[in-house]
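Colleague: Below is the structure I would like to discuss, written out as C-alpha cells.
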Amino acid sequence: MKPVQLVPTACQAARRYVDSYIDNELTVDSIHQVLPHLESCADCKRYFEERRSLKLAVKKAVLSTDSAYSADAAWLTKTLARDGALTRRVVMMAVPGALAAGVAGLGVFRFWRRRPDDVQMTRMLAAAVMDHKHCAMGGMYPATPRPDEEMAAALGPQYTPLIAVVRGLSSGYQVQEGHRCEVGGRNYIHFILKNGADLVSLTSFERMKDDPPLPVSADLRESVIDGFAVSGFVASRHVAAVVTADPAEARRVARLFSPGASQIL
Amino acid sequence: MTLLGFQRQGERERAAFEAVAQPLIPEIRRHAVHLMGNPAEGEDLAQDVFLTAWRSFAKFQQGTNFRAWVFQILVNRSHHFRKKYFRLRQLKEEEESMMDQLRAPEPLPEALKDTDILDAIRALPDAHREVVLLADVQEFSYREIAAMLDVPIGTVMSRLNRARTTLRHKLAATAAAYGIKEKNKEGAA
C-alpha cells in the first residue's frame, strides 16, 4: 500500500485560491495571502504553475483550430436565409396542414381539456425523482443528522425558513440533511428525511424558462416514476414534491409540507 | 408606413446585425464545435445561435455587450441541442475524493499535442466543458459566466476547479501512455 502524502492545511488553503488567482478573480487582500505562500512553498508553486500552464494549453489547443472558422459573410448570409426559407416552407405546408391539424386538433383538444397539464406536470415530477435518486438513494447525506446551523448555511437566507417548516411536519421522520444541489442542470432545495430504512425527499426547484407554464396550485399531483412515488404541487416560483417508496406516504407528507412550503417557494 | 418602407427598414436592421455579428462568427463556430464535441452538431448549433440572435435582435439593448449577449444565446441554445441529440450526459457532482485533495501535483508534460488536449476537453462532462471553454478560451469573468449559466459564482468556481483537475489527470495518463517522461519530476523530488 502506498503511503498517503499529507498536504499541510496552509497548502490546502492556498490551493483553494489558485484557480481564482490564475483567472485574475482574487481581491488584492486575498492575493496578499496567497502570494507569500506560493513564494515559500515549492509544492504549491509547482501546483500553481501546473494549473496556469494547463489553462494556457487549453486556450492554445482550442485556438489552434481557428483556421477552420473564418469571419465569412457568405456563411452568415446563408445562415440567416434559413429564416425566410423556414417561413416559406411553413406557408406552403399551411393549407393542407391546417385541414389535417383541424381534424386531429379537435380530438387532442378534448383530451387536453380534461387535464391540460398532466404530461407537463409528470415531467416536473420526474425531475424531483431524479434528485431523490441522485442524493437520497445515492447516499449523499451525512450519517448523523446535520445541525440546523449547517443546513441554514447551505440553504442560504432565502430558504432557511423551510427548515422550520420541515421540522414542523411531525411526520415521524428524522431530518437528516438539508442542502442545495444541482442535478441534470436544475438547482434543487433538498431535504432528506429518514425513518429506519425509509427515505423521503422533500425537494423543490425553480421553474426554468423552458419549462411548461403550469398554473400555481396547491392541489397535489401524483405519479409513480421509476418505482418511486412522487406527490407534488406548483408554488409561485418553484415546483415542490415529496418522493418516497410508498404512494400513500408521499401523499401524506406532501399534504403536511405543502401549506408552509408554498409560502416560501 | 408603406410596404417598401418596411422592406427598407428590415434591410437596415439586417445590415446593422450583420455588421456586429460577422466578427463573432469564428469564435462562436469554434466554441459551438468544442462545446458539442462534434463538428456537425457544433455547426448546427452555431447557425442556430446566429439565427436566434437575428430573430431577437430587436430585444438587444444597444450599448450593452453584444458578444456576451450572443454567448448567452449560445449557452441557452446548447442546452436545447443536447436534449435534441439525446446526449443527456448528466453531471455527477461528486465530491472530489480525499486522495485528489492530498495527492501531490502531477507535472503536466509539455510534449502533449493539441489534439490530446482537445480530446481531454471533449471527454469532460458537458457542464464542466462549458465552463472551461467560457473561462479559459473566451476569458469571460466568473460573474459573466454565472449570469450566462444562471448559477451561483461558487458553482462556476467549483466546476472550473473540477474540470481542470480532471483535465490534468487525463493528460497525465495520456502522457504516461505515450511513455513521456515527466521532465521535472526528479527536480521536484
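Chain labels run A, B, ... following the order of the C-alpha cells; each chain numbers its residues from 1, and ligands are numbered from 1 in the order shown.
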Sort by chain and increasing residue number a table of all residues of chain A within 7 Å of chain B, each with its closest pair of atoms and their distance in Å to one decimal, counting only C-alpha atoms, and write it as CSV.

Modeller:
```
residue,atom,partner,partner_atom,distance
A:Gln5,CA,B:Leu102,CA,6.4
A:Leu6,CA,B:Leu102,CA,5.7
A:Val7,CA,B:Leu102,CA,5.6
A:Asp19,CA,B:Asn161,CA,6.8
A:Tyr47,CA,B:Pro105,CA,5.8
A:Glu50,CA,B:Leu108,CA,6.4
A:Lys55,CA,B:Asp136,CA,5.9
A:Val58,CA,B:Ile117,CA,6.6
A:Lys59,CA,B:Val137,CA,4.8
A:Ala61,CA,B:Asp114,CA,4.6
A:Val62,CA,B:Leu118,CA,6.8
A:Asp66,CA,B:Arg30,CA,6.9
A:Tyr69,CA,B:Pro26,CA,4.6
A:Ser70,CA,B:Pro26,CA,5.2
A:Ala71,CA,B:Ile25,CA,5.2
A:Ala73,CA,B:Gln22,CA,6.5
A:Thr79,CA,B:Gln47,CA,5.7
A:Leu80,CA,B:Leu51,CA,5.7
A:Asp83,CA,B:Leu51,CA,6.9
A:Val183,CA,B:Leu91,CA,6.9
A:Gly184,CA,B:Gln90,CA,5.1
```

Colleague: Please identify the strand (DSSP E) residues within region 133-236 of chain A (assignment by DSSP from backbone atoms) and present them as a ChimeraX atom specification.

Modeller: /A:174-183,186-195,198-206,217-225,228-234

Colleague: Tell me which protein, DNA and RNA residues are within 10 Å of Gly178 (chain A), counting only C-alpha atoms, leaving out same-chain ones fewer than 3 positions away, and put them as a PDB file with N, CA, C and O atoms, in the first residue's frame.

Modeller:
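Heads up, here's the output in result_0.pdb:
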```
ATOM      1  N   TYR A 141     -25.783  12.159   1.957  1.00  0.00           N
ATOM      2  CA  TYR A 141     -26.204  12.865   3.167  1.00  0.00           C
ATOM      3  C   TYR A 141     -25.365  12.323   4.316  1.00  0.00           C
ATOM      4  O   TYR A 141     -24.840  11.196   4.238  1.00  0.00           O
ATOM      5  N   PRO A 145     -27.629  13.317  11.646  1.00  0.00           N
ATOM      6  CA  PRO A 145     -28.417  14.451  11.135  1.00  0.00           C
ATOM      7  C   PRO A 145     -27.595  15.738  11.155  1.00  0.00           C
ATOM      8  O   PRO A 145     -26.899  16.024  12.124  1.00  0.00           O
ATOM      9  N   ARG A 146     -27.730  16.506  10.099  1.00  0.00           N
ATOM     10  CA  ARG A 146     -26.966  17.750  10.004  1.00  0.00           C
ATOM     11  C   ARG A 146     -27.623  18.809  10.903  1.00  0.00           C
ATOM     12  O   ARG A 146     -28.848  18.957  10.893  1.00  0.00           O
ATOM     13  N   PRO A 147     -26.823  19.539  11.694  1.00  0.00           N
ATOM     14  CA  PRO A 147     -27.407  20.582  12.556  1.00  0.00           C
ATOM     15  C   PRO A 147     -28.070  21.691  11.727  1.00  0.00           C
ATOM     16  O   PRO A 147     -27.675  21.939  10.587  1.00  0.00           O
ATOM     17  N   ASP A 148     -29.034  22.359  12.356  1.00  0.00           N
ATOM     18  CA  ASP A 148     -29.788  23.412  11.663  1.00  0.00           C
ATOM     19  C   ASP A 148     -28.888  24.520  11.142  1.00  0.00           C
ATOM     20  O   ASP A 148     -29.120  25.056  10.060  1.00  0.00           O
ATOM     21  N   GLU A 150     -25.855  24.397  10.104  1.00  0.00           N
ATOM     22  CA  GLU A 150     -25.162  23.985   8.866  1.00  0.00           C
ATOM     23  C   GLU A 150     -26.132  23.945   7.693  1.00  0.00           C
ATOM     24  O   GLU A 150     -25.796  24.335   6.581  1.00  0.00           O
ATOM     25  N   MET A 151     -27.352  23.473   7.980  1.00  0.00           N
ATOM     26  CA  MET A 151     -28.333  23.440   6.890  1.00  0.00           C
ATOM     27  C   MET A 151     -28.665  24.866   6.454  1.00  0.00           C
ATOM     28  O   MET A 151     -28.777  25.145   5.261  1.00  0.00           O
ATOM     29  N   ALA A 152     -28.779  25.777   7.416  1.00  0.00           N
ATOM     30  CA  ALA A 152     -29.098  27.176   7.095  1.00  0.00           C
ATOM     31  C   ALA A 152     -28.001  27.767   6.223  1.00  0.00           C
ATOM     32  O   ALA A 152     -28.276  28.480   5.251  1.00  0.00           O
ATOM     33  N   ALA A 153     -26.749  27.454   6.564  1.00  0.00           N
ATOM     34  CA  ALA A 153     -25.626  27.981   5.779  1.00  0.00           C
ATOM     35  C   ALA A 153     -25.668  27.417   4.360  1.00  0.00           C
ATOM     36  O   ALA A 153     -25.377  28.124   3.395  1.00  0.00           O
ATOM     37  N   ALA A 154     -26.042  26.147   4.235  1.00  0.00           N
ATOM     38  CA  ALA A 154     -26.074  25.525   2.901  1.00  0.00           C
ATOM     39  C   ALA A 154     -27.243  26.045   2.066  1.00  0.00           C
ATOM     40  O   ALA A 154     -27.131  26.199   0.864  1.00  0.00           O
ATOM     41  N   LEU A 155     -28.370  26.334   2.748  1.00  0.00           N
ATOM     42  CA  LEU A 155     -29.570  26.725   2.009  1.00  0.00           C
ATOM     43  C   LEU A 155     -29.590  28.203   1.658  1.00  0.00           C
ATOM     44  O   LEU A 155     -30.189  28.614   0.668  1.00  0.00           O
ATOM     45  N   THR A 160     -33.795  29.332   4.338  1.00  0.00           N
ATOM     46  CA  THR A 160     -33.637  28.885   5.716  1.00  0.00           C
ATOM     47  C   THR A 160     -34.993  28.661   6.415  1.00  0.00           C
ATOM     48  O   THR A 160     -35.137  27.693   7.173  1.00  0.00           O
ATOM     49  N   LEU A 162     -37.465  27.269   5.472  1.00  0.00           N
ATOM     50  CA  LEU A 162     -38.001  25.934   5.161  1.00  0.00           C
ATOM     51  C   LEU A 162     -37.637  24.915   6.233  1.00  0.00           C
ATOM     52  O   LEU A 162     -38.334  23.920   6.418  1.00  0.00           O
ATOM     53  N   ILE A 163     -36.499  25.171   6.924  1.00  0.00           N
ATOM     54  CA  ILE A 163     -36.071  24.219   7.957  1.00  0.00           C
ATOM     55  C   ILE A 163     -37.177  24.072   9.011  1.00  0.00           C
ATOM     56  O   ILE A 163     -37.534  22.962   9.407  1.00  0.00           O
ATOM     57  N   VAL A 166     -40.051  22.070   7.663  1.00  0.00           N
ATOM     58  CA  VAL A 166     -39.773  20.624   7.609  1.00  0.00           C
ATOM     59  C   VAL A 166     -39.774  20.036   9.019  1.00  0.00           C
ATOM     60  O   VAL A 166     -40.324  18.952   9.256  1.00  0.00           O
ATOM     61  N   VAL A 175     -34.874  14.566  10.358  1.00  0.00           N
ATOM     62  CA  VAL A 175     -34.360  15.393   9.256  1.00  0.00           C
ATOM     63  C   VAL A 175     -32.849  15.150   9.170  1.00  0.00           C
ATOM     64  O   VAL A 175     -32.088  15.610  10.009  1.00  0.00           O
ATOM     65  N   CYS A 181     -28.523  21.496  -4.243  1.00  0.00           N
ATOM     66  CA  CYS A 181     -27.740  20.625  -5.116  1.00  0.00           C
ATOM     67  C   CYS A 181     -28.130  20.897  -6.558  1.00  0.00           C
ATOM     68  O   CYS A 181     -29.139  21.558  -6.829  1.00  0.00           O
ATOM     69  N   ILE A 189     -33.562  22.671  -3.906  1.00  0.00           N
ATOM     70  CA  ILE A 189     -33.529  22.804  -2.449  1.00  0.00           C
ATOM     71  C   ILE A 189     -34.011  21.448  -1.958  1.00  0.00           C
ATOM     72  O   ILE A 189     -35.136  21.045  -2.267  1.00  0.00           O
ATOM     73  N   HIS A 190     -33.178  20.769  -1.215  1.00  0.00           N
ATOM     74  CA  HIS A 190     -33.467  19.353  -0.983  1.00  0.00           C
ATOM     75  C   HIS A 190     -33.305  18.989   0.495  1.00  0.00           C
ATOM     76  O   HIS A 190     -32.250  19.207   1.073  1.00  0.00           O
ATOM     77  N   PHE A 191     -34.375  18.437   1.086  1.00  0.00           N
ATOM     78  CA  PHE A 191     -34.312  17.882   2.430  1.00  0.00           C
ATOM     79  C   PHE A 191     -34.445  16.366   2.330  1.00  0.00           C
ATOM     80  O   PHE A 191     -35.282  15.871   1.561  1.00  0.00           O
ATOM     81  N   ILE A 192     -33.620  15.675   3.086  1.00  0.00           N
ATOM     82  CA  ILE A 192     -33.697  14.205   3.114  1.00  0.00           C
ATOM     83  C   ILE A 192     -34.106  13.788   4.531  1.00  0.00           C
ATOM     84  O   ILE A 192     -33.444  14.146   5.508  1.00  0.00           O
ATOM     85  N   LEU A 193     -35.219  13.085   4.627  1.00  0.00           N
ATOM     86  CA  LEU A 193     -35.749  12.623   5.910  1.00  0.00           C
ATOM     87  C   LEU A 193     -35.599  11.105   5.975  1.00  0.00           C
ATOM     88  O   LEU A 193     -35.703  10.432   4.948  1.00  0.00           O
ATOM     89  N   SER A 201     -37.623  12.303   0.310  1.00  0.00           N
ATOM     90  CA  SER A 201     -37.054  13.565  -0.163  1.00  0.00           C
ATOM     91  C   SER A 201     -38.144  14.611  -0.233  1.00  0.00           C
ATOM     92  O   SER A 201     -39.231  14.356  -0.766  1.00  0.00           O
ATOM     93  N   LEU A 202     -37.848  15.801   0.323  1.00  0.00           N
ATOM     94  CA  LEU A 202     -38.699  16.969   0.129  1.00  0.00           C
ATOM     95  C   LEU A 202     -37.880  17.893  -0.753  1.00  0.00           C
ATOM     96  O   LEU A 202     -36.908  18.485  -0.293  1.00  0.00           O
ATOM     97  N   THR A 203     -38.228  17.965  -1.986  1.00  0.00           N
ATOM     98  CA  THR A 203     -37.350  18.666  -2.917  1.00  0.00           C
ATOM     99  C   THR A 203     -38.144  19.694  -3.707  1.00  0.00           C
ATOM    100  O   THR A 203     -39.343  19.511  -3.955  1.00  0.00           O
TER     101      THR A 203
END
```

Colleague: I'd like the interatomic distance between CA of Thr244 (chain A) and CA of Lys194 (chain A), to a tenth of an Å.

Modeller: 10.3 Å

Colleague: Of the residues A:Asn24, A:Ala128, A:Ser30, A:Ala68, which is the one nearest to Pro39 (chain B), using only C-alpha atoms?

Modeller: A:Ala68

Colleague: Which of region 21-193 of chain A counts as helix (DSSP H, G or I) under DSSP, as a VMD selection string please?

Modeller: chain A and resid 21 to 22 28 to 40 42 to 63 66 to 68 73 to 114 118 to 136 148 to 155 161 to 167

Colleague: Measure the distance from CA of Ala101 (chain A) to CA of Arg77 (chain B) in Å and round it to one decimal.

Modeller: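 Interatomic distance here is 28.2 Å.
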
Colleague: Could you check the closest approach to Gly10 (chain B) for each of B:Gly154, B:Val75, B:Ala58, B:Met148 and tell me which residue wins, using only C-alpha atoms?

Modeller: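 Closest residue, counting only C-alpha atoms: B:Ala58.
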
Colleague: Counting only C-alpha atoms, which residue out of A:Phe228, A:Val165, A:Asp210, A:Pro247 sits closest to Ala261 (chain A)?

Modeller: A:Val165

Colleague: Write out as a PyMOL selection string each polymer residue whose atoms come within 8 Å of Arg186 (chain A), counting only C-alpha atoms; drop sequence neighbours fewer than 3 positions from it.

Modeller: chain A and resi 182-183+205-206

Colleague: Go ahead and dump the residues you just picked, all heavy atoms, as a PDB file, in the first residue's frame.

Modeller:
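again.pdb, written as the output of this step:
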```
ATOM      1  N   GLU A 182     -27.315  20.402  -7.450  1.00  0.00           N
ATOM      2  CA  GLU A 182     -27.601  20.555  -8.873  1.00  0.00           C
ATOM      3  C   GLU A 182     -27.569  19.185  -9.523  1.00  0.00           C
ATOM      4  O   GLU A 182     -26.594  18.460  -9.389  1.00  0.00           O
ATOM      5  CB  GLU A 182     -26.589  21.459  -9.538  1.00  0.00           C
ATOM      6  CG  GLU A 182     -26.988  21.752 -10.963  1.00  0.00           C
ATOM      7  CD  GLU A 182     -25.869  22.380 -11.762  1.00  0.00           C
ATOM      8  OE1 GLU A 182     -25.174  23.234 -11.207  1.00  0.00           O
ATOM      9  OE2 GLU A 182     -25.696  21.986 -12.927  1.00  0.00           O
ATOM     10  N   VAL A 183     -28.652  18.856 -10.174  1.00  0.00           N
ATOM     11  CA  VAL A 183     -28.718  17.558 -10.854  1.00  0.00           C
ATOM     12  C   VAL A 183     -29.325  17.789 -12.227  1.00  0.00           C
ATOM     13  O   VAL A 183     -30.391  18.416 -12.337  1.00  0.00           O
ATOM     14  CB  VAL A 183     -29.595  16.553 -10.061  1.00  0.00           C
ATOM     15  CG1 VAL A 183     -29.603  15.193 -10.742  1.00  0.00           C
ATOM     16  CG2 VAL A 183     -29.108  16.409  -8.628  1.00  0.00           C
ATOM     17  N   PHE A 205     -37.561  22.895  -6.904  1.00  0.00           N
ATOM     18  CA  PHE A 205     -36.645  23.538  -7.837  1.00  0.00           C
ATOM     19  C   PHE A 205     -37.376  24.663  -8.561  1.00  0.00           C
ATOM     20  O   PHE A 205     -38.588  24.612  -8.754  1.00  0.00           O
ATOM     21  CB  PHE A 205     -36.099  22.523  -8.848  1.00  0.00           C
ATOM     22  CG  PHE A 205     -37.162  21.745  -9.578  1.00  0.00           C
ATOM     23  CD1 PHE A 205     -37.752  22.231 -10.719  1.00  0.00           C
ATOM     24  CD2 PHE A 205     -37.589  20.519  -9.083  1.00  0.00           C
ATOM     25  CE1 PHE A 205     -38.730  21.515 -11.382  1.00  0.00           C
ATOM     26  CE2 PHE A 205     -38.570  19.794  -9.740  1.00  0.00           C
ATOM     27  CZ  PHE A 205     -39.145  20.305 -10.896  1.00  0.00           C
ATOM     28  N   GLU A 206     -36.610  25.679  -8.917  1.00  0.00           N
ATOM     29  CA  GLU A 206     -37.202  26.803  -9.622  1.00  0.00           C
ATOM     30  C   GLU A 206     -37.578  26.384 -11.026  1.00  0.00           C
ATOM     31  O   GLU A 206     -36.824  25.665 -11.671  1.00  0.00           O
ATOM     32  CB  GLU A 206     -36.210  27.965  -9.694  1.00  0.00           C
ATOM     33  CG  GLU A 206     -36.611  29.091  -8.785  1.00  0.00           C
ATOM     34  CD  GLU A 206     -35.691  30.277  -8.905  1.00  0.00           C
ATOM     35  OE1 GLU A 206     -35.982  31.118  -9.759  1.00  0.00           O
ATOM     36  OE2 GLU A 206     -34.716  30.340  -8.156  1.00  0.00           O
TER      37      GLU A 206
END
```

Colleague: Find the residues near region 33-42 of chain A: any atom within 8 Å, counting only C-alpha atoms, skip ones fewer than 4 places away on the same chain, and give them as a PDB file with all heavy atoms, in the first residue's frame.

Modeller:
```
ATOM      1  N   ALA A  10      -2.116  24.892   5.385  1.00  0.00           N
ATOM      2  CA  ALA A  10      -1.793  26.155   4.711  1.00  0.00           C
ATOM      3  C   ALA A  10      -1.758  25.944   3.199  1.00  0.00           C
ATOM      4  O   ALA A  10      -2.201  26.799   2.432  1.00  0.00           O
ATOM      5  CB  ALA A  10      -0.437  26.671   5.203  1.00  0.00           C
ATOM      6  N   CYS A  11      -1.260  24.792   2.783  1.00  0.00           N
ATOM      7  CA  CYS A  11      -1.198  24.497   1.354  1.00  0.00           C
ATOM      8  C   CYS A  11      -2.615  24.324   0.795  1.00  0.00           C
ATOM      9  O   CYS A  11      -2.938  24.833  -0.268  1.00  0.00           O
ATOM     10  CB  CYS A  11      -0.396  23.231   1.095  1.00  0.00           C
ATOM     11  SG  CYS A  11       1.313  23.395   1.589  1.00  0.00           S
ATOM     12  N   ALA A  14      -4.209  27.646   0.392  1.00  0.00           N
ATOM     13  CA  ALA A  14      -3.648  28.404  -0.731  1.00  0.00           C
ATOM     14  C   ALA A  14      -4.145  27.829  -2.057  1.00  0.00           C
ATOM     15  O   ALA A  14      -4.504  28.571  -2.972  1.00  0.00           O
ATOM     16  CB  ALA A  14      -2.122  28.358  -0.671  1.00  0.00           C
ATOM     17  N   TYR A  17      -7.374  28.874  -3.601  1.00  0.00           N
ATOM     18  CA  TYR A  17      -7.452  30.174  -4.274  1.00  0.00           C
ATOM     19  C   TYR A  17      -6.680  30.206  -5.595  1.00  0.00           C
ATOM     20  O   TYR A  17      -6.711  31.211  -6.297  1.00  0.00           O
ATOM     21  CB  TYR A  17      -6.877  31.269  -3.370  1.00  0.00           C
ATOM     22  CG  TYR A  17      -7.728  31.569  -2.168  1.00  0.00           C
ATOM     23  CD1 TYR A  17      -7.325  31.213  -0.893  1.00  0.00           C
ATOM     24  CD2 TYR A  17      -8.950  32.211  -2.310  1.00  0.00           C
ATOM     25  CE1 TYR A  17      -8.104  31.478   0.218  1.00  0.00           C
ATOM     26  CE2 TYR A  17      -9.741  32.483  -1.212  1.00  0.00           C
ATOM     27  CZ  TYR A  17      -9.308  32.108   0.047  1.00  0.00           C
ATOM     28  OH  TYR A  17     -10.092  32.382   1.132  1.00  0.00           O
ATOM     29  N   VAL A  18      -5.961  29.126  -5.881  1.00  0.00           N
ATOM     30  CA  VAL A  18      -5.053  29.180  -7.035  1.00  0.00           C
ATOM     31  C   VAL A  18      -5.804  29.439  -8.346  1.00  0.00           C
ATOM     32  O   VAL A  18      -5.393  30.278  -9.146  1.00  0.00           O
ATOM     33  CB  VAL A  18      -4.205  27.892  -7.103  1.00  0.00           C
ATOM     34  CG1 VAL A  18      -3.638  27.681  -8.487  1.00  0.00           C
ATOM     35  CG2 VAL A  18      -3.065  27.976  -6.100  1.00  0.00           C
ATOM     36  N   ASP A  29      -6.549  41.736  -1.224  1.00  0.00           N
ATOM     37  CA  ASP A  29      -6.283  41.158   0.109  1.00  0.00           C
ATOM     38  C   ASP A  29      -5.953  39.672   0.006  1.00  0.00           C
ATOM     39  O   ASP A  29      -5.015  39.175   0.634  1.00  0.00           O
ATOM     40  CB  ASP A  29      -7.507  41.338   1.030  1.00  0.00           C
ATOM     41  CG  ASP A  29      -7.588  42.763   1.529  1.00  0.00           C
ATOM     42  OD1 ASP A  29      -6.601  43.500   1.317  1.00  0.00           O
ATOM     43  OD2 ASP A  29      -8.626  43.123   2.100  1.00  0.00           O
ATOM     44  N   ARG A  46       4.620  24.776  -7.659  1.00  0.00           N
ATOM     45  CA  ARG A  46       4.553  23.845  -8.786  1.00  0.00           C
ATOM     46  C   ARG A  46       3.088  23.595  -9.181  1.00  0.00           C
ATOM     47  O   ARG A  46       2.748  23.573 -10.357  1.00  0.00           O
ATOM     48  CB  ARG A  46       5.233  22.528  -8.380  1.00  0.00           C
ATOM     49  CG  ARG A  46       5.417  21.554  -9.516  1.00  0.00           C
ATOM     50  CD  ARG A  46       6.638  20.679  -9.300  1.00  0.00           C
ATOM     51  NE  ARG A  46       6.592  19.964  -8.028  1.00  0.00           N
ATOM     52  CZ  ARG A  46       6.091  18.732  -7.890  1.00  0.00           C
ATOM     53  NH1 ARG A  46       5.597  18.109  -8.923  1.00  0.00           N
ATOM     54  NH2 ARG A  46       6.086  18.136  -6.719  1.00  0.00           N
ATOM     55  N   PHE A  48       0.616  25.676  -8.727  1.00  0.00           N
ATOM     56  CA  PHE A  48       0.165  26.905  -9.395  1.00  0.00           C
ATOM     57  C   PHE A  48       0.638  26.933 -10.851  1.00  0.00           C
ATOM     58  O   PHE A  48      -0.123  27.234 -11.779  1.00  0.00           O
ATOM     59  CB  PHE A  48       0.700  28.120  -8.618  1.00  0.00           C
ATOM     60  CG  PHE A  48       0.724  29.391  -9.405  1.00  0.00           C
ATOM     61  CD1 PHE A  48      -0.445  30.058  -9.714  1.00  0.00           C
ATOM     62  CD2 PHE A  48       1.929  29.926  -9.850  1.00  0.00           C
ATOM     63  CE1 PHE A  48      -0.424  31.242 -10.451  1.00  0.00           C
ATOM     64  CE2 PHE A  48       1.965  31.092 -10.576  1.00  0.00           C
ATOM     65  CZ  PHE A  48       0.788  31.740 -10.879  1.00  0.00           C
TER      66      PHE A  48
END
```

Colleague: How many Å lie between CA of Thr64 (chain B) and CA of Arg82 (chain B), rounded to one decimal?

Modeller: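 Computing the Euclidean distance for CA of Thr64 (chain B) and CA of Arg82 (chain B) yields 28.5 Å.
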